[in-house]
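**Q** Dropping in model00.cif, which is mmCIF, C-alpha atoms:
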```cif
data_work
#
loop_
_atom_site.group_PDB
_atom_site.id
_atom_site.type_symbol
_atom_site.label_atom_id
_atom_site.label_comp_id
_atom_site.auth_asym_id
_atom_site.auth_seq_id
_atom_site.Cartn_x
_atom_site.Cartn_y
_atom_site.Cartn_z
ATOM 1 C CA MET A 1 0.000 0.000 0.000
ATOM 2 C CA LYS A 2 1.326 3.377 -1.000
ATOM 3 C CA GLY A 3 1.684 5.926 1.812
ATOM 4 C CA TYR A 4 0.250 9.413 1.772
ATOM 5 C CA ASN A 5 2.514 11.839 -0.029
ATOM 6 C CA PHE A 6 1.889 15.358 1.283
ATOM 7 C CA ARG A 7 4.097 17.021 -1.345
ATOM 8 C CA GLU A 8 2.274 15.241 -4.163
ATOM 9 C CA HIS A 9 -1.069 16.289 -2.667
ATOM 10 C CA GLN A 10 0.131 19.895 -2.310
ATOM 11 C CA ASP A 11 1.440 19.981 -5.901
ATOM 12 C CA ARG A 12 -1.875 18.641 -7.197
ATOM 13 C CA GLY A 13 -3.694 21.405 -5.302
ATOM 14 C CA LYS A 14 -1.471 24.074 -6.848
ATOM 15 C CA ARG A 15 -2.069 22.684 -10.335
ATOM 16 C CA MET A 16 -5.828 22.727 -9.744
ATOM 17 C CA ALA A 17 -5.703 26.308 -8.444
ATOM 18 C CA LYS A 18 -3.681 27.405 -11.480
ATOM 19 C CA LYS A 19 -6.209 25.674 -13.726
ATOM 20 C CA ASN A 20 -9.044 27.526 -11.949
ATOM 21 C CA VAL A 21 -7.348 30.901 -12.510
ATOM 22 C CA GLU A 22 -6.747 30.061 -16.168
ATOM 23 C CA GLU A 23 -10.358 28.909 -16.641
ATOM 24 C CA LEU A 24 -11.656 32.204 -15.214
ATOM 25 C CA LEU A 25 -9.340 34.272 -17.432
ATOM 26 C CA ILE A 26 -10.453 32.305 -20.500
ATOM 27 C CA ALA A 27 -14.148 32.543 -19.529
ATOM 28 C CA GLY A 28 -13.786 36.316 -19.176
ATOM 29 C CA GLY A 29 -12.077 36.513 -22.543
ATOM 30 C CA GLU A 30 -14.966 34.672 -24.168
ATOM 31 C CA ASN A 31 -17.893 36.247 -22.297
ATOM 32 C CA GLN A 32 -18.353 40.024 -22.304
ATOM 33 C CA GLU A 33 -20.913 39.983 -19.459
ATOM 34 C CA LEU A 34 -18.596 37.985 -17.199
ATOM 35 C CA ARG A 35 -15.687 40.262 -18.078
ATOM 36 C CA ALA A 36 -17.767 43.391 -17.313
ATOM 37 C CA LYS A 37 -18.893 41.936 -13.975
ATOM 38 C CA TYR A 38 -15.289 41.362 -12.880
ATOM 39 C CA ASP A 39 -13.959 44.597 -14.393
ATOM 40 C CA SER A 40 -16.461 46.534 -12.254
ATOM 41 C CA LEU A 41 -14.789 45.274 -9.060
ATOM 42 C CA LYS A 42 -12.283 47.761 -7.659
ATOM 43 C CA THR A 43 -10.049 45.581 -5.481
ATOM 44 C CA LYS A 44 -8.280 42.306 -5.984
ATOM 45 C CA GLU A 45 -9.888 41.050 -2.770
ATOM 46 C CA ASP A 46 -13.379 41.713 -4.212
ATOM 47 C CA PHE A 47 -12.297 40.014 -7.449
ATOM 48 C CA LEU A 48 -11.187 36.875 -5.592
ATOM 49 C CA THR A 49 -14.351 36.854 -3.474
ATOM 50 C CA MET A 50 -16.503 36.985 -6.618
ATOM 51 C CA ALA A 51 -14.377 34.254 -8.200
ATOM 52 C CA ALA A 52 -14.971 32.016 -5.175
ATOM 53 C CA VAL A 53 -18.729 32.692 -5.333
ATOM 54 C CA ASP A 54 -18.618 31.706 -9.011
ATOM 55 C CA GLY A 55 -16.802 28.452 -8.172
ATOM 56 C CA TYR A 56 -13.210 29.388 -9.025
ATOM 57 C CA ASP A 57 -11.068 28.307 -6.076
ATOM 58 C CA PHE A 58 -7.632 29.920 -5.747
ATOM 59 C CA THR A 59 -5.670 32.178 -3.422
ATOM 60 C CA MET A 60 -4.308 35.670 -4.002
ATOM 61 C CA GLU A 61 -0.797 34.209 -4.299
ATOM 62 C CA GLU A 62 -1.931 31.663 -6.901
ATOM 63 C CA PHE A 63 -3.760 34.372 -8.864
ATOM 64 C CA ASP A 64 -0.726 36.668 -8.780
ATOM 65 C CA ALA A 65 1.546 33.811 -9.879
ATOM 66 C CA VAL A 66 -0.545 33.192 -13.007
ATOM 67 C CA LEU A 67 -0.689 36.923 -13.816
ATOM 68 C CA ASN A 68 3.084 37.251 -13.318
ATOM 69 C CA GLU A 69 3.753 34.170 -15.433
ATOM 70 C CA SER A 70 1.626 35.535 -18.283
ATOM 71 C CA GLY A 71 2.929 39.109 -17.950
ATOM 72 C CA ASP A 72 -0.579 40.461 -17.262
ATOM 73 C CA SER A 73 -1.396 43.327 -14.892
ATOM 74 C CA PHE A 74 -4.483 43.581 -12.676
ATOM 75 C CA ASP A 75 -4.644 47.360 -13.197
ATOM 76 C CA LEU A 76 -7.737 48.974 -14.670
ATOM 77 C CA ILE A 77 -7.022 50.874 -17.891
ATOM 78 C CA GLY A 78 -9.105 53.268 -19.986
ATOM 79 C CA ASN A 79 -12.573 54.769 -19.780
ATOM 80 C CA PRO A 80 -14.628 52.771 -19.195
ATOM 81 C CA ALA A 81 -12.048 51.024 -17.059
ATOM 82 C CA LYS A 82 -11.123 47.499 -18.147
ATOM 83 C CA ARG A 83 -8.546 44.938 -17.108
ATOM 84 C CA GLN A 84 -6.109 43.520 -19.633
ATOM 85 C CA ILE A 85 -6.007 40.098 -17.986
ATOM 86 C CA TRP A 86 -8.580 38.247 -20.086
ATOM 87 C CA TRP A 87 -7.428 35.435 -22.369
ATOM 88 C CA LYS A 88 -8.976 34.454 -25.675
#
```
Give the structure from this file in structure tokens form.
**A**
Amino acid sequence: MKGYNFREHQDRGKRMAKKNVEELLIAGGENQELRAKYDSLKTKEDFLTMAAVDGYDFTMEEFDAVLNESGDSFDLIGNPAKRQIWWK
């Protein structure tokens, strides 16, 4: 019988969280209403709270890691303000 591997379990959790971030960024890129809903949120904390309500489970650190990896910024740009984080 194979023993419990905490590191393997932790790595799997990180991969799932990264996948959840990526799925949200893709969904926002494909759906203008979803994108507008999230772009209307002013803080990253509010953004992550809404993501959790919508079933996307990840932490601030995991979200920031994906944004950093992709070179995206959470900042709002333009008028009306929009984020440049959405993937297509």
**Q** Mind giving me the straight-line distance from CA of Val66 in chain A to CA of Asn79 in chain A in Å, one decimal?
**A** 25.6 Å
**Q** Rounded to one decimal in Å, what is the spacing between CA of Leu41 in chain A and CA of Arg83 in chain A?
**A**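 Atom-to-atom, CA of Leu41 in chain A to CA of Arg83 in chain A, that is 10.2 Å.
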**Q** Would you be able to write out as a list in words which residues have an atom within 12 Å of (-12.1, 31.9, -17.6) in the file's coordinates, counting all atoms listed in the file?
**A**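 Applying the cut-off with all atoms listed in the file, one gets Lys18, Lys19, Asn20, Val21, Glu22, Glu23, Leu24, Leu25, Ile26, Ala27, Gly28, Gly29, Glu30, Asn31, Gln32, Leu34, Arg35, Tyr38, Ala51, Asp54, Gly55, Tyr56, Ile85, Trp86, Trp87 and Lys88 of chain A.
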**Q** Could you check how far CA of Leu67 in chain A sits from CA of Ala17 in chain A, in Å to one decimal?
**A**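 The value is 12.9 Å.
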**Q** For the provided coordinates, the residues matched by the PyMOL selection byres ((chain A and resi 42) around 12) should be stated as a PyMOL selection string.
**A** chain A and resi 36-41+43-50+74-77+81-83
**Q** Can you sort out the box for range 63-76 of chain A, edges along x, y and z, all listed atoms in, 3 Å on every side, with centre and edge lengths in Å to one decimal, as lines of an AutoDock Vina configuration file?
**A**
```
center_x = -2.0
center_y = 41.1
center_z = -13.5
size_x = 17.5
size_y = 21.8
size_z = 15.5
```
**Q** Using only C-alpha atoms, pick whichever of A:Asp57, A:Asp72, A:Glu33, A:Asp64 has the shortest atom-to-atom distance to Met16 in chain A.
**A** A:Asp57
